[in-house]
Every structure is written in structure tokens, then in C-alpha cells.
$ cat model.cif   # mmCIF, C-alpha atoms
data_model
#
loop_
_atom_site.label_atom_id
_atom_site.label_comp_id
_atom_site.auth_asym_id
_atom_site.auth_seq_id
_atom_site.Cartn_x
_atom_site.Cartn_y
_atom_site.Cartn_z
CA MET P 1 1.03 35.62 22.71
CA ASN P 2 0.19 35.08 26.38
CA LEU P 3 -0.49 31.40 27.04
CA PRO P 4 -2.55 30.23 30.04
CA PHE P 5 -1.05 27.89 32.56
CA LYS P 6 -2.72 24.49 32.89
CA THR P 7 -2.11 22.02 35.69
CA ILE P 8 -1.89 18.48 34.33
CA ALA P 9 -1.91 15.53 36.73
CA CYS P 10 -0.47 12.12 35.92
CA HIS P 11 -3.23 9.51 36.19
CA PHE P 12 -0.83 7.06 37.81
CA GLY P 13 0.34 9.05 40.80
CA VAL P 14 0.59 12.43 42.39
CA VAL P 15 3.31 13.93 40.21
CA MET P 16 2.13 17.34 39.07
CA MET P 17 3.58 19.57 36.41
CA THR P 18 2.66 22.96 35.06
CA VAL P 19 2.76 23.40 31.31
CA LEU P 20 1.87 26.08 28.81
CA THR P 21 -1.11 25.27 26.63
CA ALA P 22 -2.11 27.07 23.47
CA PRO P 23 -5.74 28.20 23.58
CA SER P 24 -6.12 27.59 19.84
CA VAL P 25 -5.35 23.89 20.34
CA LEU P 26 -7.62 23.48 23.36
CA ALA P 27 -10.45 25.30 21.62
CA GLN P 28 -10.46 22.94 18.66
CA SER P 29 -9.81 19.46 19.99
CA PHE P 30 -11.20 17.01 22.54
CA VAL P 31 -9.50 14.05 24.15
CA HIS P 32 -11.13 10.83 22.92
CA PRO P 33 -12.15 8.71 24.65
CA GLY P 34 -12.49 11.47 27.18
CA ALA P 35 -15.73 11.59 29.12
CA LEU P 36 -15.49 9.72 32.44
CA HIS P 37 -12.51 7.66 31.22
CA THR P 38 -9.51 8.08 28.97
CA GLN P 39 -7.53 5.42 27.13
CA ALA P 40 -4.88 5.63 29.87
CA ASP P 41 -7.58 4.68 32.37
CA PHE P 42 -8.59 1.66 30.28
CA ASP P 43 -4.97 0.60 29.91
CA ARG P 44 -4.57 0.73 33.69
CA MET P 45 -7.74 -1.27 34.31
CA LYS P 46 -6.75 -3.92 31.77
CA THR P 47 -3.25 -4.29 33.19
CA LYS P 48 -4.33 -4.43 36.83
CA VAL P 49 -7.10 -6.95 36.22
CA ALA P 50 -4.77 -9.16 34.18
CA GLN P 51 -2.32 -9.07 37.10
CA GLY P 52 -5.05 -9.98 39.58
CA ALA P 53 -4.22 -6.81 41.48
CA GLN P 54 -6.52 -5.48 44.17
CA PRO P 55 -8.83 -3.66 44.46
CA TRP P 56 -9.22 -3.62 40.67
CA LEU P 57 -9.97 -7.36 40.58
CA ASP P 58 -12.77 -6.98 43.12
CA GLY P 59 -14.17 -4.13 41.04
CA TRP P 60 -13.95 -6.27 37.91
CA ASN P 61 -15.80 -9.10 39.61
CA MET P 62 -18.58 -6.70 40.59
CA LEU P 63 -18.90 -5.77 36.92
CA ILE P 64 -18.93 -9.24 35.39
CA LYS P 65 -21.42 -10.57 37.95
CA ASN P 66 -23.91 -7.82 37.15
CA PRO P 67 -26.61 -9.00 34.68
CA HIS P 68 -26.33 -5.71 32.82
CA ALA P 69 -22.83 -6.75 31.69
CA SER P 70 -24.08 -10.05 30.25
CA LEU P 71 -24.24 -11.03 26.58
CA SER P 72 -27.78 -12.19 27.24
CA TRP P 73 -28.97 -8.63 27.81
CA THR P 74 -31.75 -7.61 25.42
CA PRO P 75 -32.49 -3.92 24.78
CA ARG P 76 -36.04 -2.61 25.10
CA PRO P 77 -36.14 0.66 23.13
CA VAL P 78 -39.31 2.74 22.93
CA ASP P 79 -40.16 5.67 20.70
CA VAL P 80 -41.29 7.90 23.57
CA VAL P 81 -39.90 7.68 27.08
CA TYR P 82 -42.25 8.83 29.83
CA ARG P 83 -41.05 9.86 33.27
CA GLY P 84 -43.85 11.26 35.39
CA LYS P 85 -47.46 10.24 34.86
CA ILE P 86 -49.37 12.22 32.23
CA GLY P 87 -52.68 11.25 30.69
CA ASN P 88 -53.00 7.56 29.90
CA HIS P 89 -49.29 7.07 29.26
CA PRO P 90 -47.64 4.65 31.68
CA GLN P 91 -44.17 5.52 32.92
CA ASN P 92 -41.63 3.46 30.99
CA TYR P 93 -38.35 5.19 31.76
CA SER P 94 -36.95 2.12 33.50
CA ALA P 95 -36.31 0.64 30.05
CA LEU P 96 -34.00 3.57 29.30
CA PHE P 97 -32.03 3.57 32.53
CA ASN P 98 -31.57 -0.19 32.46
CA ASP P 99 -30.34 -0.16 28.87
CA ALA P 100 -28.03 2.79 29.54
CA ALA P 101 -26.54 0.88 32.47
CA ALA P 102 -26.13 -2.18 30.27
CA ALA P 103 -24.49 -0.29 27.41
CA TYR P 104 -21.96 1.21 29.81
CA ALA P 105 -21.25 -2.06 31.66
CA LEU P 106 -20.78 -3.96 28.40
CA ALA P 107 -18.53 -1.20 27.03
CA LEU P 108 -16.34 -1.45 30.13
CA ARG P 109 -16.25 -5.23 29.90
CA TRP P 110 -15.11 -4.99 26.28
CA LYS P 111 -12.38 -2.46 27.03
CA VAL P 112 -10.92 -4.56 29.83
CA SER P 113 -11.37 -8.04 28.35
CA GLY P 114 -10.77 -7.24 24.69
CA ASP P 115 -13.65 -9.56 23.72
CA ASP P 116 -15.53 -8.00 20.79
CA ALA P 117 -18.71 -9.87 21.70
CA TYR P 118 -19.27 -7.33 24.48
CA ALA P 119 -18.62 -4.46 22.10
CA ASP P 120 -21.15 -5.84 19.65
CA LYS P 121 -23.76 -6.09 22.39
CA ALA P 122 -23.07 -2.55 23.65
CA VAL P 123 -23.36 -1.15 20.13
CA ALA P 124 -26.56 -3.12 19.55
CA ILE P 125 -28.14 -1.36 22.53
CA LEU P 126 -27.02 2.08 21.38
CA ASP P 127 -28.22 1.42 17.84
CA ALA P 128 -31.58 0.10 19.00
CA TRP P 129 -32.30 3.32 20.86
CA SER P 130 -30.97 5.69 18.21
CA LYS P 131 -33.22 3.98 15.64
CA THR P 132 -36.29 4.18 17.86
CA LEU P 133 -36.30 7.06 20.36
CA THR P 134 -38.00 10.25 19.21
CA ARG P 135 -38.61 12.17 22.43
CA ILE P 136 -38.80 12.18 26.23
CA ASP P 137 -42.08 13.27 27.79
CA GLY P 138 -43.95 13.28 31.09
CA THR P 139 -44.25 15.69 33.96
CA SER P 140 -41.38 17.99 34.83
CA ASP P 141 -39.58 14.76 35.79
CA LYS P 142 -38.84 14.35 32.09
CA TYR P 143 -35.94 16.74 32.66
CA LEU P 144 -34.46 14.33 35.18
CA ALA P 145 -34.56 11.67 32.47
CA SER P 146 -32.92 13.95 29.91
CA GLY P 147 -30.10 14.68 32.34
CA LEU P 148 -29.41 11.38 34.08
CA TYR P 149 -29.83 9.06 31.14
CA GLY P 150 -28.36 11.55 28.71
CA TYR P 151 -25.00 11.58 30.45
CA GLU P 152 -25.06 7.83 30.94
CA PHE P 153 -25.81 7.00 27.31
CA ALA P 154 -23.29 9.56 26.06
CA ASN P 155 -20.59 8.02 28.25
CA ALA P 156 -21.29 4.54 26.90
CA ALA P 157 -21.07 5.85 23.33
CA GLU P 158 -17.88 7.78 24.07
CA ILE P 159 -16.25 4.48 25.02
CA MET P 160 -17.64 2.69 21.98
CA ARG P 161 -16.50 5.36 19.50
CA THR P 162 -13.15 3.52 19.45
CA TYR P 163 -14.76 0.28 18.23
CA ARG P 164 -13.70 -0.27 14.64
CA LYS P 165 -16.81 -2.33 13.82
CA TRP P 166 -19.30 0.42 14.72
CA PRO P 167 -20.14 1.97 11.35
CA ALA P 168 -19.71 5.71 11.14
CA ARG P 169 -23.28 6.16 9.92
CA ASP P 170 -24.62 4.42 13.03
CA PHE P 171 -22.37 6.43 15.33
CA ASP P 172 -23.53 9.60 13.58
CA ARG P 173 -27.17 8.61 14.04
CA PHE P 174 -26.57 8.05 17.73
CA LYS P 175 -24.91 11.45 18.09
CA LYS P 176 -27.86 13.06 16.33
CA THR P 177 -30.24 11.40 18.79
CA MET P 178 -28.21 12.73 21.69
CA LEU P 179 -28.32 16.24 20.27
CA ASP P 180 -31.94 16.27 19.13
CA VAL P 181 -33.56 14.47 22.07
CA PHE P 182 -31.28 14.95 25.07
CA TYR P 183 -29.20 18.09 24.57
CA SER P 184 -32.21 20.09 23.38
CA MET P 185 -33.90 19.31 26.70
CA ASN P 186 -30.74 19.92 28.74
CA HIS P 187 -30.37 23.36 27.20
CA ASP P 188 -34.05 24.22 27.52
CA PHE P 189 -34.17 23.26 31.18
CA LEU P 190 -31.07 25.20 32.18
CA MET P 191 -32.24 28.28 30.28
CA ASN P 192 -35.93 28.22 31.25
CA HIS P 193 -36.36 25.86 34.24
CA ASN P 194 -39.72 24.67 32.96
CA GLY P 195 -41.14 28.17 33.44
CA ALA P 196 -40.51 28.15 37.19
CA LYS P 197 -38.66 30.62 39.39
CA ILE P 198 -34.91 30.32 39.03
CA ASP P 199 -34.45 28.87 42.53
CA HIS P 200 -37.43 26.47 42.40
CA TYR P 201 -35.64 23.33 41.24
CA TRP P 202 -33.18 21.59 43.53
CA ALA P 203 -29.51 21.47 42.60
CA ASN P 204 -29.62 17.89 41.32
CA TRP P 205 -31.94 18.91 38.45
CA ASP P 206 -29.40 21.39 37.13
CA LEU P 207 -26.46 19.12 37.78
CA CYS P 208 -27.76 16.10 35.89
CA ASN P 209 -28.54 18.26 32.88
CA LEU P 210 -25.08 19.81 33.09
CA ASP P 211 -23.60 16.30 33.15
CA SER P 212 -25.55 15.38 30.04
CA MET P 213 -24.67 18.62 28.29
CA MET P 214 -20.96 18.18 28.91
CA ALA P 215 -20.93 14.50 27.95
CA ILE P 216 -22.80 15.24 24.71
CA GLY P 217 -20.47 18.12 23.92
CA ILE P 218 -17.50 15.77 24.21
CA LEU P 219 -19.20 12.97 22.29
CA THR P 220 -20.23 15.20 19.38
CA ASP P 221 -17.09 17.37 19.33
CA ARG P 222 -19.19 20.44 20.07
CA ARG P 223 -16.95 22.84 21.95
CA ASP P 224 -19.83 25.32 22.25
CA ILE P 225 -21.95 22.78 24.15
CA TYR P 226 -19.08 21.76 26.40
CA ASP P 227 -18.28 25.40 27.17
CA GLU P 228 -21.96 26.07 27.88
CA ALA P 229 -21.84 23.47 30.66
CA VAL P 230 -18.60 24.80 32.15
CA ASP P 231 -19.85 28.38 32.07
CA TYR P 232 -23.12 27.47 33.78
CA PHE P 233 -21.28 25.54 36.49
CA LYS P 234 -19.20 28.65 37.24
CA HIS P 235 -21.69 31.45 36.60
CA GLY P 236 -25.19 29.98 36.18
CA LYS P 237 -28.30 31.38 37.84
CA GLY P 238 -29.86 28.11 39.00
CA ASN P 239 -29.10 25.99 42.05
CA GLY P 240 -26.68 23.73 40.18
CA ALA P 241 -24.13 26.50 39.77
CA ILE P 242 -21.28 25.90 42.20
CA ASP P 243 -21.77 29.01 44.34
CA LYS P 244 -25.42 28.09 44.91
CA MET P 245 -24.93 24.34 45.21
CA VAL P 246 -22.09 24.73 47.74
CA TRP P 247 -23.37 27.94 49.25
CA LYS P 248 -22.11 28.37 52.81
CA ILE P 249 -18.38 28.06 53.55
CA TYR P 250 -17.36 27.33 57.15
CA PRO P 251 -13.94 28.02 58.73
CA ASP P 252 -13.28 24.31 59.37
CA GLY P 253 -12.97 23.47 55.66
CA LEU P 254 -16.54 22.24 55.26
CA ALA P 255 -19.30 23.87 53.21
CA GLN P 256 -23.07 23.49 53.45
CA THR P 257 -24.83 22.29 50.32
CA GLN P 258 -28.15 23.28 48.78
CA GLU P 259 -30.12 20.10 49.49
CA SER P 260 -28.82 19.49 53.03
CA GLY P 261 -32.10 20.56 54.61
CA ARG P 262 -34.13 18.48 52.16
CA ASP P 263 -32.83 14.90 52.57
CA GLN P 264 -29.63 12.92 52.29
CA GLY P 265 -30.66 10.76 49.37
CA HIS P 266 -30.64 13.84 47.15
CA SER P 267 -27.58 15.31 48.86
CA THR P 268 -25.59 12.21 47.97
CA LEU P 269 -27.04 12.34 44.46
CA ASP P 270 -25.53 15.82 44.21
CA VAL P 271 -22.19 14.25 45.12
CA SER P 272 -22.51 11.78 42.26
CA GLU P 273 -23.46 14.42 39.74
CA LEU P 274 -20.67 16.79 40.80
CA GLY P 275 -18.22 13.92 40.42
CA VAL P 276 -19.37 13.13 36.90
CA LEU P 277 -19.08 16.75 35.79
CA SER P 278 -15.69 17.28 37.38
CA GLN P 279 -14.16 14.06 36.09
CA MET P 280 -15.27 14.65 32.51
CA ALA P 281 -13.91 18.20 32.62
CA TRP P 282 -10.66 16.94 34.16
CA ASN P 283 -10.19 14.52 31.28
CA GLN P 284 -10.48 17.54 28.96
CA HIS P 285 -7.85 19.42 31.00
CA ASP P 286 -10.27 21.67 32.93
CA ASP P 287 -10.00 21.50 36.71
CA LEU P 288 -13.45 21.95 38.20
CA PHE P 289 -12.38 19.82 41.17
CA GLY P 290 -10.05 22.63 42.25
CA TYR P 291 -12.21 25.54 41.13
CA ASP P 292 -12.73 28.32 43.66
CA ASP P 293 -10.30 26.95 46.24
CA ASN P 294 -11.59 23.34 46.07
CA ARG P 295 -15.17 24.41 46.70
CA ILE P 296 -16.51 21.02 45.59
CA LEU P 297 -14.25 19.22 48.05
CA LYS P 298 -15.60 21.31 50.93
CA GLY P 299 -19.20 20.52 50.00
CA VAL P 300 -18.64 16.82 49.39
CA GLU P 301 -16.73 16.43 52.68
CA TYR P 302 -19.67 18.10 54.44
CA ILE P 303 -22.12 15.59 52.95
CA ALA P 304 -19.77 12.69 53.61
CA LYS P 305 -19.24 13.65 57.25
CA TYR P 306 -22.93 14.05 58.04
CA ASN P 307 -23.86 10.79 56.34
CA LEU P 308 -21.23 8.97 58.37
CA GLY P 309 -23.12 10.00 61.51
CA TYR P 310 -21.13 13.05 62.60
CA ASP P 311 -22.48 16.49 63.44
CA VAL P 312 -21.89 19.31 60.98
CA PRO P 313 -22.61 23.05 61.20
CA TYR P 314 -25.88 24.18 59.67
CA THR P 315 -27.22 27.59 58.68
CA THR P 316 -30.90 28.15 57.90
CA TYR P 317 -31.48 27.80 54.18
CA ALA P 318 -34.25 29.71 52.40
CA ASN P 319 -35.37 30.24 48.84
CA SER P 320 -38.63 31.33 47.22
CA ASP P 321 -40.25 27.96 48.06
CA VAL P 322 -38.85 26.75 51.39
CA THR P 323 -37.21 27.73 54.65
CA GLN P 324 -35.23 24.93 56.29
CA ASP P 325 -34.06 25.58 59.84
CA VAL P 326 -32.36 22.23 60.47
CA ILE P 327 -30.38 19.73 58.47
CA SER P 328 -32.47 16.76 57.36
CA ASN P 329 -31.71 13.28 58.68
CA MET P 330 -34.05 11.67 56.15
CA GLY P 331 -32.09 9.03 54.24
CA ARG P 332 -29.01 9.63 56.36
CA GLY P 333 -26.28 7.11 55.53
CA ALA P 334 -27.47 6.66 51.94
CA THR P 335 -25.07 4.52 49.93
CA ARG P 336 -24.18 5.43 46.38
CA PRO P 337 -21.27 4.21 44.20
CA THR P 338 -19.63 7.60 43.88
CA TRP P 339 -16.92 7.91 46.52
CA GLU P 340 -13.98 6.24 44.76
CA LEU P 341 -13.92 9.01 42.16
CA PHE P 342 -13.44 11.75 44.76
CA TYR P 343 -11.08 9.75 46.94
CA ASN P 344 -8.75 8.95 44.08
CA HIS P 345 -8.75 12.48 42.73
CA TYR P 346 -8.36 14.49 45.90
CA VAL P 347 -6.43 12.10 48.14
CA VAL P 348 -4.45 9.81 45.83
CA LEU P 349 -3.81 12.15 42.91
CA LYS P 350 -3.62 15.55 44.56
CA GLY P 351 -2.51 14.46 48.04
CA LEU P 352 -5.19 16.49 49.82
CA ASP P 353 -6.80 15.67 53.14
CA ALA P 354 -10.35 14.33 52.79
CA PRO P 355 -10.96 12.07 55.79
CA TYR P 356 -14.71 11.61 55.37
CA ILE P 357 -14.54 10.91 51.64
CA THR P 358 -11.77 8.43 52.43
CA THR P 359 -13.91 6.68 55.02
CA TRP P 360 -16.81 6.41 52.58
CA ALA P 361 -14.57 5.03 49.83
CA ASN P 362 -13.29 2.35 52.21
CA LYS P 363 -16.82 1.63 53.38
CA VAL P 364 -18.38 0.97 49.97
CA ARG P 365 -15.42 -0.65 48.17
CA PRO P 366 -15.77 -2.41 45.75
CA GLU P 367 -18.36 -0.23 44.06
CA GLY P 368 -20.97 -1.86 41.86
CA GLY P 369 -23.12 -0.35 39.13
CA GLY P 370 -26.71 -0.11 38.00
CA GLY P 371 -28.74 -2.89 39.55
CA ASN P 372 -26.43 -3.39 42.53
CA TYR P 373 -28.18 -0.72 44.60
CA GLY P 374 -31.81 -1.57 44.07
CA PRO P 375 -34.16 -1.90 41.08
CA ASN P 376 -35.62 1.60 41.18
CA SER P 377 -34.38 4.74 39.50
CA SER P 378 -32.21 5.85 42.44
CA GLY P 379 -30.11 2.72 41.97
CA PHE P 380 -29.34 3.82 38.42
CA ASP P 381 -28.63 7.52 38.95
CA GLN P 382 -24.90 6.82 38.72
CA LEU P 383 -22.96 4.52 36.42
CA GLY P 384 -20.81 3.18 39.25
CA TYR P 385 -17.95 0.65 39.11
CA GLY P 386 -15.62 3.29 40.52
CA THR P 387 -13.28 0.81 42.21
CA LEU P 388 -12.43 -0.65 38.82
CA THR P 389 -12.43 2.59 36.86
CA PHE P 390 -11.06 5.28 39.17
CA THR P 391 -8.58 3.49 41.45
CA LEU P 392 -5.16 4.91 40.60
CA LYS P 393 -2.82 2.97 42.86
#

$ encode --input "model.cif" --output "C-alpha cells"
Amino acid sequence: MNLPFKTIACHFGVVMMTVLTAPSVLAQSFVHPGALHTQADFDRMKTKVAQGAQPWLDGWNMLIKNPHASLSWTPRPVDVVYRGKIGNHPQNYSALFNDAAAAYALALRWKVSGDDAYADKAVAILDAWSKTLTRIDGTSDKYLASGLYGYEFANAAEIMRTYRKWPARDFDRFKKTMLDVFYSMNHDFLMNHNGAKIDHYWANWDLCNLDSMMAIGILTDRRDIYDEAVDYFKHGKGNGAIDKMVWKIYPDGLAQTQESGRDQGHSTLDVSELGVLSQMAWNQHDDLFGYDDNRILKGVEYIAKYNLGYDVPYTTYANSDVTQDVISNMGRGATRPTWELFYNHYVVLKGLDAPYITTWANKVRPEGGGGNYGPNSSGFDQLGYGTLTFTLK
């Protein structure tokens, strides 16, 4: 039998080894916990914080000072989440993104501190929503909710699956909610794009739904769902597929991205969503970071460089809706807690050169989480706390 080669990287340094992996094993099993973080990651965080080591301690302090990580947090579940104004229904999606941020922050706090009170609170949030939520509705923006908050909730639950006091029936109910409410929308959007032309929706719409799809696949042990996300990333027709998201390769190692002519707030959102997808896949032994000659790295360095104030090459971008002759400076310099993930993977782990990602990581360290970057939805588009969670050494 011919076995594929897999490159496995030690999470504690840059030692690389090539091993043979049996496809039958990889096809049947997932690493748990294994979405954004593995148990080795939690062990590292716990050890470094206990030692008072930097920058982990600064990252930990960002977490414990955030109200979302407090035992006083009270969930606010609703039966129908609305994002985008339709009829007489007020938008209420802030309840979902705040509670998702809280569930994740509390799960992290439990894993690092070992205090079950934080686990109980995280589980209470997840249970409250799985008992209540029936659907997500609104304008087309509902698909942003299904993607962003789907991956965030699934990541919180993936951490909490290791909690011995979370009854299996409650965990199963939560997984069913993720499949019935979130994954069904993720799949529908990526297949049908709300009835629009295939290039109508910007890359971030695809990417957030891919993040949710992959996270739910891991959480529910559904290899078919996980593989659906990976296949779309590599071969999909929409703008979130890697060859359309990072679409113009330049000789200097940079690559123009799909939303560069739109604005930088969404370009940096693309960075965050690419990081989530790549890190989850990495923890399942799939290297999307390195796919197609580090195509993601070239695109993220491009965004990082421009948002640091430097000039970058630009080629006119056109699709069926727009023609953009110049790169947009709208939102230039936007700050998101997403750079530690890329810095630690490409520079620390793989030893690659990424000067602009490195500068951004130094600039925003220590990274906070939901609520540290404003009260609106853009401040909750990423889970954050990357200094604590992704710093390797």
C-alpha cells in the first residue's frame, strides 16, 4: 500500500519530521480537542502562566480582565437570531456573538486555571443556546451570522467536550444544534450563494462559513463535513477558495487579495478567517498554511504590509459587480487580534520570513478577545487571545 507523506511540526519549536501516515487512520479519527487548540497547546499555556513567563502572562491578564471571562456573565439565548433588518423583527445577533465570546473565554480560563467554576459557566452558556435556538434569520447577512458565530461556538464546545461534568446528552444536543442550525446554513450558502452570481459575495462570506463548517465537522466527528470545507478551500467556485481569495501572485513574494480594492477592514477580516481555517486544519494534520507554495502567507503579508503604511503592487480587480482600479485606503491600519497565529506558525514554527506579519504581531501584543476591540460586531469577528493561545516560545 502506498502511504502519503505528512509533515508534522512540533508545537514547541521548529523541529520538523516527515512520517508515513495511513489514510485509513486519518479518514476515521479526529484529534480532540482539535479545533483552534490541542491539549498540547493547553498544557503549554497552563505551564507558562504558572511560571509567570512572558508574553503568556500578559495574554492571560488580557483574558481574565475581560468581562466575558467572568463568572458573573449571564447568557441571553433567543429562539431566533436576526442579523439584517426584516419586517418588524429587531436585530438581536449581538446576544449570540457576546455569548459565543463568553463561552470561549470561560473555556480558556478553565483550561488554564483548572477551576471548574469557569467550566460550569461555559457549559451553562452552551446549554442555554442549544435548548433555545431554532434558527437564524434576517437579510443575506444571516449567512455572516451562521459562519462567524458558528465557528466561534463550535470552538468553545470543542474545548468543553473534555469536561467530565458536561452530560453526554447535553453535549449531543449542542452538536445537533450546530448541525441543524449552523452547518445547514454553511452548506447552503457555499453551494447556492443565496441565489446570487458565484462571484457576487466577497471572500469573507465564504471564509466564515468554511470556518464554521470545518469547526462543526471536527466537533461532531463528521469527516464528510470537514472534507467538504477543505475541498472548497482548494477547489471551490466562490471567492473564498484560495485561488480566488489570493488571486494575483507578484514576483516579490506578495499576492493581491480579493477584497484589497474594497476596504482594509474586510481585508484584515479575511486574514482572521484564513487563520482560523488553517489552524484548525493544521491541528488535524492538514497543512493549508503551506498549500500551493505558501499562498496564504503571500496574501497575508500583502495585507499586513499595506496596513502598516507601505506601498504594495496593485492590479485592477474586476468581477460581475465591480471594477476596482486602485487599492482602497478605507480602514487602513485596522487592528484585529489575529496576527500572533500567523507569526507563530510561519516564523516561529516553520522558520519562514514574514517581516510584516512579525511587525503586526509585535504591534498588537498582547492580543485581547471579544469586547477588547469595540462593542460592535467587527470587534467579535475573531475569538482573539492569540498571545496566550498561539505563542510557542

$ atom_distance --input "model.cif" --atom1 "CA of Tyr183 in chain P" --atom2 "CA of Lys142 in chain P"
12.8 Å

$ residues_around --input "model.cif" --residues "Ala304 in chain P" --least-positions-apart "6" --cutoff "8 Å" --atoms "all atoms listed in the file" --output "ChimeraX atom specification"
/P:356-357,360

$ closest_atom_pairs --input "model.cif" --of "range 176-239 of chain P" --to "range 27-50 of chain P" --cutoff "8 Å" --atoms "all atoms listed in the file" --output "JSON lines"
{"residue": "P:Ala215", "atom": "CA", "partner": "P:Ala35", "partner_atom": "CA", "distance": 6.1}
{"residue": "P:Ile218", "atom": "CA", "partner": "P:Phe30", "partner_atom": "CA", "distance": 6.6}
{"residue": "P:Leu219", "atom": "CA", "partner": "P:Ala35", "partner_atom": "CA", "distance": 7.8}
{"residue": "P:Asp221", "atom": "CA", "partner": "P:Phe30", "partner_atom": "CA", "distance": 6.7}
{"residue": "P:Arg223", "atom": "CA", "partner": "P:Ala27", "partner_atom": "CA", "distance": 7.0}

$ write_last_selection --input "model.cif" --atoms "C-alpha atoms" --output "CSV table (one decimal), in the coordinates of the input"
chain,number,residue,atom,x,y,z
P,215,ALA,CA,-20.9,14.5,28.0
P,218,ILE,CA,-17.5,15.8,24.2
P,219,LEU,CA,-19.2,13.0,22.3
P,221,ASP,CA,-17.1,17.4,19.3
P,223,ARG,CA,-17.0,22.8,22.0

$ residues_around --input "model.cif" --residues "Val230 in chain P" --least-positions-apart "5" --cutoff "12 Å" --atoms "only C-alpha atoms" --output "mmCIF file with C-alpha atoms, in the frame of the given file"
data_model
loop_
_atom_site.group_PDB
_atom_site.id
_atom_site.type_symbol
_atom_site.label_atom_id
_atom_site.label_comp_id
_atom_site.auth_asym_id
_atom_site.auth_seq_id
_atom_site.Cartn_x
_atom_site.Cartn_y
_atom_site.Cartn_z
ATOM 1 C CA LEU P 207 -26.460 19.120 37.780
ATOM 2 C CA ASN P 209 -28.540 18.260 32.880
ATOM 3 C CA LEU P 210 -25.080 19.810 33.090
ATOM 4 C CA ASP P 211 -23.600 16.300 33.150
ATOM 5 C CA SER P 212 -25.550 15.380 30.040
ATOM 6 C CA MET P 213 -24.670 18.620 28.290
ATOM 7 C CA MET P 214 -20.960 18.180 28.910
ATOM 8 C CA ALA P 215 -20.930 14.500 27.950
ATOM 9 C CA GLY P 217 -20.470 18.120 23.920
ATOM 10 C CA ARG P 223 -16.950 22.840 21.950
ATOM 11 C CA ASP P 224 -19.830 25.320 22.250
ATOM 12 C CA ILE P 225 -21.950 22.780 24.150
ATOM 13 C CA HIS P 235 -21.690 31.450 36.600
ATOM 14 C CA GLY P 236 -25.190 29.980 36.180
ATOM 15 C CA GLY P 240 -26.680 23.730 40.180
ATOM 16 C CA ALA P 241 -24.130 26.500 39.770
ATOM 17 C CA ILE P 242 -21.280 25.900 42.200
ATOM 18 C CA LEU P 274 -20.670 16.790 40.800
ATOM 19 C CA LEU P 277 -19.080 16.750 35.790
ATOM 20 C CA SER P 278 -15.690 17.280 37.380
ATOM 21 C CA MET P 280 -15.270 14.650 32.510
ATOM 22 C CA ALA P 281 -13.910 18.200 32.620
ATOM 23 C CA TRP P 282 -10.660 16.940 34.160
ATOM 24 C CA GLN P 284 -10.480 17.540 28.960
ATOM 25 C CA ASP P 286 -10.270 21.670 32.930
ATOM 26 C CA ASP P 287 -10.000 21.500 36.710
ATOM 27 C CA LEU P 288 -13.450 21.950 38.200
ATOM 28 C CA TYR P 291 -12.210 25.540 41.130
#

$ residues_around --input "model.cif" --residues "Leu133 in chain P" --least-positions-apart "3" --cutoff "10 Å" --atoms "all atoms listed in the file" --output "PyMOL selection string"
chain P and resi 77-81+96+128-130+136+177-178+181

$ resolve_selection --input "model.cif" --expression "the PyMOL selection byres ((chain P and resi 330-340) around 8)" --output "PyMOL selection string"
chain P and resi 262-265+268-269+271-272+275+306-309+328-329+341-344+357-358+360-361+364-365+367-369+373+379+382-387+390-391

$ residues_around --input "model.cif" --residues "Ala354 in chain P" --least-positions-apart "5" --cutoff "10 Å" --atoms "only C-alpha atoms" --output "list of chain:residue names"
P:Gly253, P:Leu297, P:Lys298, P:Val300, P:Glu301, P:Ala304, P:Lys305, P:Phe342, P:Tyr343, P:Tyr346, P:Val347, P:Thr359

$ atom_distance --input "model.cif" --atom1 "CA of Thr74 in chain P" --atom2 "CA of Asn61 in chain P"
21.4 Å

$ resolve_selection --input "model.cif" --expression "the PyMOL selection byres ((chain P and resi 145) around 10)" --output "PDB file with C-alpha atoms, in the coordinates of the input"
ATOM      1  CA  VAL P  81     -39.900   7.680  27.080  1.00  0.00           C
ATOM      2  CA  TYR P  82     -42.250   8.830  29.830  1.00  0.00           C
ATOM      3  CA  ARG P  83     -41.050   9.860  33.270  1.00  0.00           C
ATOM      4  CA  GLY P  84     -43.850  11.260  35.390  1.00  0.00           C
ATOM      5  CA  TYR P  93     -38.350   5.190  31.760  1.00  0.00           C
ATOM      6  CA  SER P  94     -36.950   2.120  33.500  1.00  0.00           C
ATOM      7  CA  LEU P  96     -34.000   3.570  29.300  1.00  0.00           C
ATOM      8  CA  PHE P  97     -32.030   3.570  32.530  1.00  0.00           C
ATOM      9  CA  ILE P 136     -38.800  12.180  26.230  1.00  0.00           C
ATOM     10  CA  ASP P 137     -42.080  13.270  27.790  1.00  0.00           C
ATOM     11  CA  GLY P 138     -43.950  13.280  31.090  1.00  0.00           C
ATOM     12  CA  SER P 140     -41.380  17.990  34.830  1.00  0.00           C
ATOM     13  CA  ASP P 141     -39.580  14.760  35.790  1.00  0.00           C
ATOM     14  CA  LYS P 142     -38.840  14.350  32.090  1.00  0.00           C
ATOM     15  CA  TYR P 143     -35.940  16.740  32.660  1.00  0.00           C
ATOM     16  CA  LEU P 144     -34.460  14.330  35.180  1.00  0.00           C
ATOM     17  CA  SER P 146     -32.920  13.950  29.910  1.00  0.00           C
ATOM     18  CA  GLY P 147     -30.100  14.680  32.340  1.00  0.00           C
ATOM     19  CA  LEU P 148     -29.410  11.380  34.080  1.00  0.00           C
ATOM     20  CA  TYR P 149     -29.830   9.060  31.140  1.00  0.00           C
ATOM     21  CA  GLY P 150     -28.360  11.550  28.710  1.00  0.00           C
ATOM     22  CA  TYR P 151     -25.000  11.580  30.450  1.00  0.00           C
ATOM     23  CA  PHE P 182     -31.280  14.950  25.070  1.00  0.00           C
ATOM     24  CA  MET P 185     -33.900  19.310  26.700  1.00  0.00           C
ATOM     25  CA  ASN P 186     -30.740  19.920  28.740  1.00  0.00           C
ATOM     26  CA  TRP P 205     -31.940  18.910  38.450  1.00  0.00           C
ATOM     27  CA  CYS P 208     -27.760  16.100  35.890  1.00  0.00           C
ATOM     28  CA  ASN P 209     -28.540  18.260  32.880  1.00  0.00           C
ATOM     29  CA  SER P 377     -34.380   4.740  39.500  1.00  0.00           C
ATOM     30  CA  ASP P 381     -28.630   7.520  38.950  1.00  0.00           C
TER      31      ASP P 381
END

$ resolve_selection --input "model.cif" --expression "the PyMOL selection byres ((chain P and resi 259-261) around 10)" --output "VMD selection string"
chain P and resid 202 to 204 239 245 to 246 256 to 258 262 to 270 302 to 303 306 314 to 318 322 to 330

$ atom_distance --input "model.cif" --atom1 "CA of Ser70 in chain P" --atom2 "CA of Thr162 in chain P"
20.5 Å

$ closest_residue --input "model.cif" --among "P:Lys393, P:Arg161, P:Arg135, P:His68" --to "Ala105 in chain P" --atoms "all atoms listed in the file"
P:His68
